[in-house]
file final26.txt (compact mmCIF, C-alpha atoms)
# COMPACT_ATOMS: atom_id res chain seq x y z
CA MET F 1 120.64 87.41 99.06
CA MET F 2 117.97 89.08 101.16
CA GLU F 3 119.02 92.40 102.71
CA ASP F 4 115.81 93.07 104.57
CA PHE F 5 116.88 92.48 108.11
CA SER F 6 120.25 94.17 108.29
CA TYR F 7 120.81 96.47 111.23
CA ALA F 8 122.85 99.61 111.58
CA LEU F 9 126.50 99.06 112.53
CA PRO F 10 128.34 101.16 115.10
CA ALA F 11 130.94 103.71 114.01
CA GLY F 12 133.79 101.20 114.18
CA GLY F 13 132.11 98.97 111.62
CA GLN F 14 131.82 95.93 113.93
CA ALA F 15 128.43 94.65 114.99
CA ASP F 16 127.74 94.72 118.71
CA PRO F 17 126.29 91.31 119.63
CA VAL F 18 124.32 92.80 122.52
CA ALA F 19 123.20 95.98 120.77
CA ALA F 20 119.46 96.52 120.36
CA PRO F 21 118.13 95.95 116.83
CA ASP F 22 117.14 98.90 114.71
CA ALA F 23 113.68 99.76 116.01
CA ARG F 24 112.78 102.17 113.21
CA SER F 25 109.82 101.40 111.00
CA SER F 26 110.89 99.65 107.82
CA LEU F 27 110.54 100.98 104.26
CA LEU F 28 110.50 98.94 101.06
CA VAL F 29 110.72 100.81 97.74
CA LEU F 30 109.46 99.44 94.42
CA ALA F 31 110.78 101.47 91.50
CA ASP F 32 112.77 101.29 88.30
CA ARG F 33 115.99 103.20 87.62
CA ILE F 34 116.75 103.96 91.24
CA ASP F 35 119.42 102.57 93.56
CA ARG F 36 119.55 102.01 97.28
CA ASP F 37 122.32 104.55 97.88
CA ALA F 38 120.15 107.26 96.35
CA LEU F 39 117.21 106.57 98.67
CA GLU F 40 119.12 105.80 101.88
CA PRO F 41 119.40 109.50 102.91
CA VAL F 42 115.69 109.99 102.22
CA ALA F 43 114.77 107.02 104.43
CA GLN F 44 117.07 108.22 107.20
CA ALA F 45 115.64 111.74 107.08
CA ALA F 46 112.14 110.25 107.34
CA GLY F 47 113.16 108.11 110.32
CA LEU F 48 112.68 104.88 108.37
CA ARG F 49 114.92 101.84 107.90
CA LEU F 50 115.33 101.09 104.21
CA LEU F 51 114.87 97.39 103.48
CA GLY F 52 115.79 97.67 99.83
CA VAL F 53 114.86 98.89 96.37
CA THR F 54 113.24 96.41 93.98
CA PRO F 55 112.61 96.87 90.24
CA LEU F 56 108.96 96.73 89.25
CA ALA F 57 109.48 93.54 87.24
CA ASP F 58 110.51 91.74 90.44
CA ALA F 59 108.09 93.51 92.77
CA MET F 60 105.41 90.81 93.04
CA ALA F 61 107.97 88.12 93.86
CA ARG F 62 109.60 90.39 96.42
CA LEU F 63 106.27 91.01 98.14
CA ASP F 64 105.61 87.27 98.27
CA ALA F 65 108.98 86.73 99.95
CA GLN F 66 108.81 89.77 102.26
CA SER F 67 107.89 88.59 105.75
CA GLN F 68 107.40 92.03 107.28
CA CYS F 69 107.25 95.62 106.05
CA ASP F 70 105.85 98.72 107.77
CA THR F 71 105.81 101.11 104.80
CA LEU F 72 105.87 100.48 101.07
CA LEU F 73 106.68 103.19 98.51
CA LEU F 74 105.76 102.40 94.90
CA PHE F 75 106.75 104.60 91.94
CA CYS F 76 104.49 103.81 88.97
CA PRO F 77 104.19 106.99 86.89
CA ALA F 78 103.75 105.09 83.61
CA ALA F 79 101.62 102.14 82.53
CA MET F 80 103.30 98.76 82.51
CA PRO F 81 102.29 95.09 82.20
CA MET F 82 101.01 93.50 85.41
CA LEU F 83 100.60 96.88 87.16
CA GLU F 84 96.99 96.12 88.07
CA GLN F 85 97.98 92.79 89.64
CA LEU F 86 100.80 94.46 91.54
CA LEU F 87 98.47 97.13 92.91
CA VAL F 88 95.90 94.54 93.98
CA GLN F 89 98.62 92.51 95.69
CA ILE F 90 99.90 95.58 97.53
CA GLU F 91 96.45 96.65 98.70
CA THR F 92 95.56 93.11 99.81
CA GLN F 93 98.74 92.87 101.84
CA ALA F 94 98.13 96.32 103.32
CA ILE F 95 94.64 95.32 104.47
CA HIS F 96 95.88 92.11 106.10
CA THR F 97 99.03 93.52 107.75
CA GLY F 98 98.28 97.21 108.34
CA MET F 99 101.22 98.16 106.12
CA ALA F 100 101.28 101.81 105.11
CA VAL F 101 101.36 102.29 101.33
CA ILE F 102 102.41 105.30 99.26
CA LEU F 103 101.53 105.04 95.57
CA VAL F 104 103.30 107.64 93.42
CA THR F 105 101.49 107.82 90.08
CA GLY F 106 101.36 110.02 87.02
CA GLY F 107 98.42 111.12 84.92
CA GLU F 108 98.67 107.87 82.96
CA THR F 109 98.23 105.59 85.98
CA VAL F 110 96.20 107.55 88.53
CA GLU F 111 92.83 106.14 87.37
CA LEU F 112 93.99 102.55 87.76
CA ALA F 113 95.64 103.20 91.12
CA PHE F 114 92.53 104.91 92.46
CA ALA F 115 90.35 102.01 91.32
CA CYS F 116 92.60 99.57 93.19
CA LEU F 117 92.67 101.52 96.47
CA ARG F 118 91.19 99.56 99.34
CA SER F 119 93.33 100.03 102.45
CA PRO F 120 92.67 102.99 104.78
CA HIS F 121 96.45 103.26 105.23
CA SER F 122 97.18 103.86 101.54
CA GLN F 123 98.11 107.31 100.23
CA LEU F 124 97.75 108.12 96.55
CA LEU F 125 100.04 110.81 95.13
CA CYS F 126 99.96 112.07 91.55
CA ASP F 127 102.83 114.11 90.15
CA PRO F 128 103.87 115.01 93.72
CA ASP F 129 106.33 117.73 94.57
CA ARG F 130 109.04 117.20 97.16
CA THR F 131 106.99 118.53 100.06
CA GLU F 132 104.02 116.27 99.24
CA LEU F 133 106.26 113.21 99.07
CA ALA F 134 107.98 114.18 102.32
CA ALA F 135 104.62 114.64 104.06
CA ALA F 136 103.47 111.23 102.81
CA LEU F 137 106.58 109.51 104.20
CA VAL F 138 106.21 111.20 107.59
CA THR F 139 102.50 110.35 107.68
CA ALA F 140 103.24 106.72 106.84
CA ARG F 141 105.75 106.49 109.66
CA GLN F 142 103.27 108.04 112.08
CA GLN F 143 100.24 105.99 111.03
CA ARG F 144 100.44 103.33 113.74
CA PRO F 145 98.82 104.71 116.92
CA VAL F 146 100.82 104.92 120.10
CA ILE F 147 99.18 102.82 122.81
CA ASP F 148 97.92 104.60 125.93
CA ARG F 149 98.90 108.00 124.61
CA VAL F 150 97.04 110.85 126.27
CA HIS F 151 95.92 113.41 123.72
CA GLU F 152 96.26 116.86 125.24
CA GLY F 153 95.92 120.14 123.39
CA ASP F 154 99.40 121.40 124.22
CA ARG F 155 101.01 118.07 123.32
CA ASP F 156 99.13 117.94 120.04
CA SER F 157 100.28 121.45 119.16
CA VAL F 158 103.88 120.56 119.86
CA ARG F 159 103.54 117.36 117.85
CA LEU F 160 102.07 119.22 114.86
CA GLN F 161 105.00 121.62 114.97
CA GLN F 162 107.43 118.70 115.11
CA LEU F 163 105.73 117.03 112.14
CA SER F 164 105.92 120.28 110.16
CA GLU F 165 109.63 120.53 110.88
CA GLU F 166 110.15 116.88 109.90
CA VAL F 167 108.37 117.40 106.59
CA ALA F 168 110.42 120.51 105.85
CA ARG F 169 113.70 118.77 106.68
CA LEU F 170 112.83 115.75 104.57
CA ALA F 171 111.75 117.95 101.66
CA ARG F 172 115.12 119.70 101.80
CA THR F 173 116.88 116.34 101.78
CA ILE F 174 114.96 115.23 98.70
CA ASP F 175 115.68 118.58 97.07
CA VAL F 176 119.42 118.17 97.60
CA LEU F 177 119.38 114.63 96.21
CA THR F 178 117.44 115.56 93.09
CA GLN F 179 119.93 118.33 92.33
CA ARG F 180 122.91 115.97 92.23
CA SER F 181 124.03 115.20 88.71
CA HIS F 182 124.74 111.50 89.38
CA LEU F 183 121.08 110.96 90.30
CA SER F 184 119.85 111.97 86.86
CA ALA F 185 118.55 108.44 86.23
CA VAL F 186 116.46 108.43 89.43
CA PRO F 187 112.70 108.74 88.94
CA SER F 188 111.96 112.40 89.40
CA PHE F 189 110.09 113.53 92.47
CA ASP F 190 108.44 116.06 90.15
CA LEU F 191 106.83 113.70 87.66
CA GLY F 192 105.85 116.31 85.10
CA PRO F 193 103.09 118.86 84.51
CA ARG F 194 100.33 118.69 87.10
CA MET F 195 96.91 117.57 85.97
CA ALA F 196 95.47 120.66 87.64
CA ASP F 197 97.69 122.87 85.46
CA ARG F 198 96.03 121.60 82.31
CA PRO F 199 93.06 123.47 80.81
CA SER F 200 89.96 122.76 82.85
CA ASP F 201 87.35 123.10 80.11
CA TYR F 202 87.09 119.34 79.70
CA ILE F 203 83.91 117.53 78.67
CA GLY F 204 82.46 114.96 81.03
CA MET F 205 81.89 111.40 79.84
CA PRO F 206 78.32 110.63 78.73
CA ALA F 207 76.46 108.47 81.17
CA LEU F 208 76.18 104.84 80.21
CA SER F 209 72.94 104.60 82.13
CA PRO F 210 70.90 106.97 84.34
CA ILE F 211 72.83 107.75 87.49
CA GLY F 212 69.96 108.85 89.66
CA ALA F 213 66.91 110.98 89.41
CA VAL F 214 67.11 114.75 89.41
CA PRO F 215 67.31 115.88 93.07
CA GLN F 216 63.95 115.83 94.76
CA ALA F 217 62.09 119.07 95.16
CA THR F 218 61.64 120.70 98.53
CA PRO F 219 58.14 120.96 100.07
CA ALA F 220 55.53 122.84 98.08
CA ASP F 221 55.55 125.82 100.45
CA LYS F 222 59.24 126.34 99.64
CA PRO F 223 59.67 125.47 95.96
CA THR F 224 63.19 125.10 94.69
CA PRO F 225 63.86 127.05 91.47
CA ALA F 226 65.22 124.88 88.68
CA VAL F 227 68.96 124.95 88.13
CA THR F 228 70.81 123.70 85.08
CA GLY F 229 74.23 122.23 84.59
CA SER F 230 75.25 125.15 82.36
CA GLN F 231 74.43 127.60 85.15
CA ILE F 232 76.69 125.71 87.53
CA ARG F 233 79.44 125.60 84.90
CA ASP F 234 79.13 129.38 84.57
CA MET F 235 79.56 129.69 88.32
CA LEU F 236 82.71 127.57 88.15
CA ARG F 237 84.09 129.70 85.30
CA ALA F 238 83.40 132.85 87.31
CA ARG F 239 85.34 131.34 90.22
CA ARG F 240 88.26 130.55 87.89
CA ILE F 241 88.65 134.08 86.50
CA ARG F 242 89.21 135.50 89.99
CA ALA F 243 92.86 134.54 89.50
CA ASP F 244 93.00 137.12 86.67
CA PHE F 245 92.30 139.92 89.14
CA LEU F 246 93.41 138.67 92.57
CA PRO F 247 96.00 136.15 93.83
CA GLY F 248 94.48 132.75 93.04
CA ASP F 249 95.93 130.99 96.10
CA LEU F 250 93.75 133.13 98.36
CA PHE F 251 90.60 131.37 97.20
CA ALA F 252 91.48 127.68 96.92
CA ASP F 253 88.32 125.75 97.75
CA PRO F 254 88.73 122.34 96.07
CA ALA F 255 85.94 120.56 97.96
CA TRP F 256 83.33 123.09 96.87
CA ASP F 257 84.59 123.18 93.29
CA MET F 258 84.42 119.39 93.07
CA LEU F 259 80.91 119.27 94.52
CA LEU F 260 79.73 121.89 92.04
CA ASP F 261 81.34 120.02 89.15
CA LEU F 262 79.74 116.75 90.20
CA PHE F 263 76.37 118.44 90.62
CA ALA F 264 76.59 119.85 87.09
CA ALA F 265 77.57 116.43 85.75
CA ARG F 266 74.62 114.85 87.56
CA LEU F 267 72.18 117.31 86.01
CA GLU F 268 73.71 116.71 82.58
CA GLN F 269 73.69 112.92 83.06
CA GLU F 270 77.45 112.64 82.67
CA ARG F 271 79.99 110.48 84.48
CA VAL F 272 83.08 112.07 85.98
CA SER F 273 86.41 110.27 86.09
CA VAL F 274 88.94 110.74 88.87
CA SER F 275 91.37 112.61 86.65
CA SER F 276 88.62 114.93 85.37
CA LEU F 277 87.57 115.73 88.93
CA CYS F 278 91.19 116.50 89.82
CA ILE F 279 91.24 119.04 86.99
CA ALA F 280 87.98 120.57 88.20
CA ALA F 281 89.46 121.06 91.69
CA ALA F 282 92.10 123.44 90.27
CA VAL F 283 94.68 122.34 92.84
CA PRO F 284 97.68 119.99 92.63
CA PRO F 285 96.40 116.48 91.83
CA THR F 286 97.67 114.96 95.08
CA THR F 287 95.68 117.59 97.00
CA ALA F 288 92.62 116.85 94.89
CA LEU F 289 92.94 113.11 95.53
CA ARG F 290 93.14 113.76 99.25
CA TRP F 291 89.92 115.80 99.09
CA ILE F 292 88.18 113.10 97.07
CA ARG F 293 89.00 110.66 99.84
CA ILE F 294 87.72 113.06 102.51
CA LEU F 295 84.46 113.66 100.63
CA THR F 296 84.06 109.90 100.16
CA ASP F 297 84.67 109.20 103.85
CA LYS F 298 82.05 111.82 104.76
CA GLY F 299 79.50 110.20 102.45
CA LEU F 300 79.17 113.24 100.17
CA VAL F 301 80.47 111.45 97.08
CA GLU F 302 80.63 107.81 96.12
CA ARG F 303 82.66 105.54 93.88
CA GLN F 304 80.87 103.97 90.91
CA ALA F 305 82.50 101.12 89.01
CA ASP F 306 82.80 101.45 85.26
CA PRO F 307 80.65 98.55 83.95
CA LEU F 308 82.85 98.33 80.83
CA ASP F 309 86.28 98.54 82.49
CA GLY F 310 87.00 97.08 85.91
CA ARG F 311 90.21 99.11 86.09
CA ARG F 312 88.30 102.37 86.35
CA VAL F 313 85.88 104.01 88.72
CA PHE F 314 83.81 107.16 88.44
CA ILE F 315 82.98 109.66 91.17
CA ALA F 316 79.38 110.80 91.70
CA LEU F 317 77.43 112.85 94.20
CA ALA F 318 75.61 110.91 96.87
CA GLN F 319 71.84 111.42 96.81
CA ASP F 320 71.74 113.37 100.09
CA ALA F 321 74.53 115.69 98.91
CA ALA F 322 72.71 116.31 95.61
CA ASP F 323 69.49 117.14 97.47
CA SER F 324 71.36 119.52 99.78
CA LEU F 325 73.00 121.32 96.86
CA ALA F 326 69.64 121.71 95.12
CA ARG F 327 68.16 123.23 98.30
CA TRP F 328 71.18 125.53 98.66
CA PHE F 329 70.71 126.85 95.11
CA GLY F 330 67.05 127.49 95.80
CA ALA F 331 67.77 129.27 99.09
CA SER F 332 70.58 131.39 97.62
CA ARG F 333 68.43 132.46 94.69
CA ARG F 334 65.59 133.53 96.98
CA PHE F 335 68.10 135.50 99.05
CA LEU F 336 69.56 137.28 96.00
CA SER F 337 66.12 138.04 94.54
CA ASN F 338 64.99 139.94 97.66
call {"tool": "encode", "arguments": {"input": "final26.txt", "output": "structure tokens"}}
result
Amino acid sequence: MMEDFSYALPAGGQADPVAAPDARSSLLVLADRIDRDALEPVAQAAGLRLLGVTPLADAMARLDAQSQCDTLLLFCPAAMPMLEQLLVQIETQAIHTGMAVILVTGGETVELAFACLRSPHSQLLCDPDRTELAAALVTARQQRPVIDRVHEGDRDSVRLQQLSEEVARLARTIDVLTQRSHLSAVPSFDLGPRMADRPSDYIGMPALSPIGAVPQATPADKPTPAVTGSQIRDMLRARRIRADFLPGDLFADPAWDMLLDLFAARLEQERVSVSSLCIAAAVPPTTALRWIRILTDKGLVERQADPLDGRRVFIALAQDAADSLARWFGASRRFLSN
């Protein structure tokens, strides 16, 4: 029996035939080992109407039968058969309907999920903490623009404060639920060690083919000194050891760290996977994924399909970004040499 279109009942338990239907945005959850009662408080705290919770084995059929859904939350921390087809189906539906999607992955599935991302309304989380998941749910609920809304500075400030309070309240709700003993079988909102907590001295994947010429030199009157990948790696290591002397959270700069790592990989003719770039960012993986999307939207980095595996993409510097970094190294060296 479908439970998608049930509405909230009044306190007396009897439906009011003239009462307005529940106007909250709807939420469908796809996950194993989780029950509706466990997620109902989370949906209510997020201001969403929970349509139901469907096991992953039945997820594709449920999506085929689902006539309308505003937000979809998928927990897929581990590899499973048909996951790629499920992700493609979700993203296709999101593109056609504007449905907001939250994909909660682990280190084992983040590469595949990233390769399948197509909708601008999809959020990719990896090993999220409670606050990150709460923020994603609030963002999903807020994604549809309000028609004829006047954006004023004061109103925006108030709205940002309200969103911050909503995220905090929802995070506390999730925290309470995950502490209850009877929810021990529920997929954890902390899916394990963060990718960014792992050692960051990984080795990039050798390039399968040339991925672009070395950045072009600047005009002859302003020659750019040569820079090597090992020099950039040394710079990244120097940035890392700051945490041995000063509080590390004072210097988080994931965008710059990722650009430097990609520039070094370009010079060394290596390909960089999504998970490797998340490690290089030295921030929680969900934060790193968000920055990868920002850098992609700004045209600084680009996705490159793996010619040997359609379920994987690599991240590379765009040509203009590589040229700009080469010029920056030349300018900074001239400045330091004076």
call {"tool": "atom_distance", "arguments": {"input": "final26.txt", "atom1": "atom CA of Thr105 of chain F", "atom2": "atom CA of Trp256 of chain F"}}
result
24.7 Å
call {"tool": "atom_distance", "arguments": {"input": "final26.txt", "atom1": "atom CA of Val104 of chain F", "atom2": "atom CA of Leu125 of chain F"}}
result
4.9 Å
call {"tool": "residues_around", "arguments": {"input": "final26.txt", "residues": "Ile315 of chain F", "least_positions_apart": "2", "cutoff": "9 Å", "atoms": "all atoms listed in the file", "output": "MDAnalysis selection string"}}
result
chainID F and resid 262 271:274 277 292 301:305 313 317
call {"tool": "write_last_selection", "arguments": {"input": "final26.txt", "atoms": "C-alpha atoms", "output": "PDB file, in the coordinates of the input"}}
result
ATOM      1  CA  LEU F 262      79.740 116.750  90.200  1.00  0.00           C
ATOM      2  CA  ARG F 271      79.990 110.480  84.480  1.00  0.00           C
ATOM      3  CA  VAL F 272      83.080 112.070  85.980  1.00  0.00           C
ATOM      4  CA  SER F 273      86.410 110.270  86.090  1.00  0.00           C
ATOM      5  CA  VAL F 274      88.940 110.740  88.870  1.00  0.00           C
ATOM      6  CA  LEU F 277      87.570 115.730  88.930  1.00  0.00           C
ATOM      7  CA  ILE F 292      88.180 113.100  97.070  1.00  0.00           C
ATOM      8  CA  VAL F 301      80.470 111.450  97.080  1.00  0.00           C
ATOM      9  CA  GLU F 302      80.630 107.810  96.120  1.00  0.00           C
ATOM     10  CA  ARG F 303      82.660 105.540  93.880  1.00  0.00           C
ATOM     11  CA  GLN F 304      80.870 103.970  90.910  1.00  0.00           C
ATOM     12  CA  ALA F 305      82.500 101.120  89.010  1.00  0.00           C
ATOM     13  CA  VAL F 313      85.880 104.010  88.720  1.00  0.00           C
ATOM     14  CA  LEU F 317      77.430 112.850  94.200  1.00  0.00           C
TER      15      LEU F 317
END
call {"tool": "atom_distance", "arguments": {"input": "final26.txt", "atom1": "atom CA of Ala318 of chain F", "atom2": "atom CA of Thr296 of chain F"}}
result
9.1 Å
call {"tool": "residues_around", "arguments": {"input": "final26.txt", "residues": "Ala264 of chain F", "least_positions_apart": "5", "cutoff": "8 Å", "atoms": "only C-alpha atoms", "output": "compact mmCIF listing (two decimals) with C-alpha atoms, in the coordinates of the input"}}
result
# COMPACT_ATOMS: atom_id res chain seq x y z
CA THR F 228 70.81 123.70 85.08
CA GLY F 229 74.23 122.23 84.59
CA SER F 230 75.25 125.15 82.36
CA ILE F 232 76.69 125.71 87.53
CA ARG F 233 79.44 125.60 84.90
call {"tool": "closest_residue", "arguments": {"input": "final26.txt", "among": "F:Leu325, F:Leu259, F:Val283, F:Ala45", "to": "Ala135 of chain F", "atoms": "all atoms listed in the file"}}
result
F:Ala45
call {"tool": "closest_residue", "arguments": {"input": "final26.txt", "among": "F:His121, F:Arg266, F:Arg242, F:Arg290", "to": "Ala140 of chain F", "atoms": "only C-alpha atoms"}}
result
F:His121
call {"tool": "closest_residue", "arguments": {"input": "final26.txt", "among": "F:Gln66, F:Gln89, F:Thr287, F:Gln231", "to": "Thr54 of chain F", "atoms": "only C-alpha atoms"}}
result
F:Gln66
call {"tool": "residues_near_point", "arguments": {"input": "final26.txt", "point": "(90.9, 126.8, 90.2)", "cutoff": "7 Å", "atoms": "all atoms listed in the file", "output": "PyMOL selection string"}}
result
chain F and resi 240+252+281-283
call {"tool": "closest_residue", "arguments": {"input": "final26.txt", "among": "F:Ala265, F:Val88, F:Ala331, F:Ala171", "to": "Ala316 of chain F", "atoms": "all atoms listed in the file"}}
result
F:Ala265
call {"tool": "residues_around", "arguments": {"input": "final26.txt", "residues": "Glu108 of chain F", "least_positions_apart": "6", "cutoff": "10 Å", "atoms": "all atoms listed in the file", "output": "ChimeraX atom specification"}}
result
/F:76-79,126,275
call {"tool": "residues_around", "arguments": {"input": "final26.txt", "residues": "Arg36 of chain F", "least_positions_apart": "4", "cutoff": "12 Å", "atoms": "all atoms listed in the file", "output": "list in words"}}
result
Glu3, Leu27, Leu28, Val29, Leu30, Ala31, Asp32, Glu40, Pro41, Val42, Ala43, Gln44, Arg49, Leu50, Leu51, Gly52, Val53, Thr54, Pro55, Leu183 and Val186 of chain F
call {"tool": "closest_residue", "arguments": {"input": "final26.txt", "among": "F:Cys69, F:Ala46, F:Leu133, F:Val138", "to": "His96 of chain F", "atoms": "all atoms listed in the file"}}
result
F:Cys69
call {"tool": "build_atoms", "arguments": {"input": "final26.txt", "residues": "segment 34-46 of chain F", "atoms": "N, CA and C atoms", "output": "PDB file, in the coordinates of the input"}}
result
ATOM      1  N   ILE F  34     116.403 103.302  89.990  1.00  0.00           N
ATOM      2  CA  ILE F  34     116.750 103.960  91.240  1.00  0.00           C
ATOM      3  C   ILE F  34     117.569 102.980  92.067  1.00  0.00           C
ATOM      4  N   ASP F  35     118.582 103.467  92.773  1.00  0.00           N
ATOM      5  CA  ASP F  35     119.420 102.570  93.560  1.00  0.00           C
ATOM      6  C   ASP F  35     119.277 102.875  95.041  1.00  0.00           C
ATOM      7  N   ARG F  36     119.710 101.915  95.834  1.00  0.00           N
ATOM      8  CA  ARG F  36     119.550 102.010  97.280  1.00  0.00           C
ATOM      9  C   ARG F  36     120.301 103.205  97.854  1.00  0.00           C
ATOM     10  N   ASP F  37     121.526 103.450  97.358  1.00  0.00           N
ATOM     11  CA  ASP F  37     122.320 104.550  97.880  1.00  0.00           C
ATOM     12  C   ASP F  37     121.619 105.892  97.699  1.00  0.00           C
ATOM     13  N   ALA F  38     120.848 106.013  96.606  1.00  0.00           N
ATOM     14  CA  ALA F  38     120.150 107.260  96.350  1.00  0.00           C
ATOM     15  C   ALA F  38     119.021 107.501  97.354  1.00  0.00           C
ATOM     16  N   LEU F  39     118.359 106.430  97.776  1.00  0.00           N
ATOM     17  CA  LEU F  39     117.210 106.570  98.670  1.00  0.00           C
ATOM     18  C   LEU F  39     117.572 106.465 100.149  1.00  0.00           C
ATOM     19  N   GLU F  40     118.748 105.973 100.472  1.00  0.00           N
ATOM     20  CA  GLU F  40     119.120 105.800 101.880  1.00  0.00           C
ATOM     21  C   GLU F  40     119.027 107.113 102.669  1.00  0.00           C
ATOM     22  N   PRO F  41     119.543 108.246 102.144  1.00  0.00           N
ATOM     23  CA  PRO F  41     119.400 109.500 102.910  1.00  0.00           C
ATOM     24  C   PRO F  41     117.953 109.929 103.092  1.00  0.00           C
ATOM     25  N   VAL F  42     117.106 109.645 102.096  1.00  0.00           N
ATOM     26  CA  VAL F  42     115.690 109.990 102.220  1.00  0.00           C
ATOM     27  C   VAL F  42     115.045 109.181 103.341  1.00  0.00           C
ATOM     28  N   ALA F  43     115.324 107.875 103.373  1.00  0.00           N
ATOM     29  CA  ALA F  43     114.770 107.020 104.430  1.00  0.00           C
ATOM     30  C   ALA F  43     115.253 107.464 105.801  1.00  0.00           C
ATOM     31  N   GLN F  44     116.536 107.786 105.908  1.00  0.00           N
ATOM     32  CA  GLN F  44     117.070 108.220 107.200  1.00  0.00           C
ATOM     33  C   GLN F  44     116.430 109.526 107.645  1.00  0.00           C
ATOM     34  N   ALA F  45     116.264 110.469 106.722  1.00  0.00           N
ATOM     35  CA  ALA F  45     115.640 111.740 107.080  1.00  0.00           C
ATOM     36  C   ALA F  45     114.191 111.559 107.510  1.00  0.00           C
ATOM     37  N   ALA F  46     113.528 110.531 106.964  1.00  0.00           N
ATOM     38  CA  ALA F  46     112.140 110.250 107.340  1.00  0.00           C
ATOM     39  C   ALA F  46     112.042 109.395 108.596  1.00  0.00           C
TER      40      ALA F  46
END
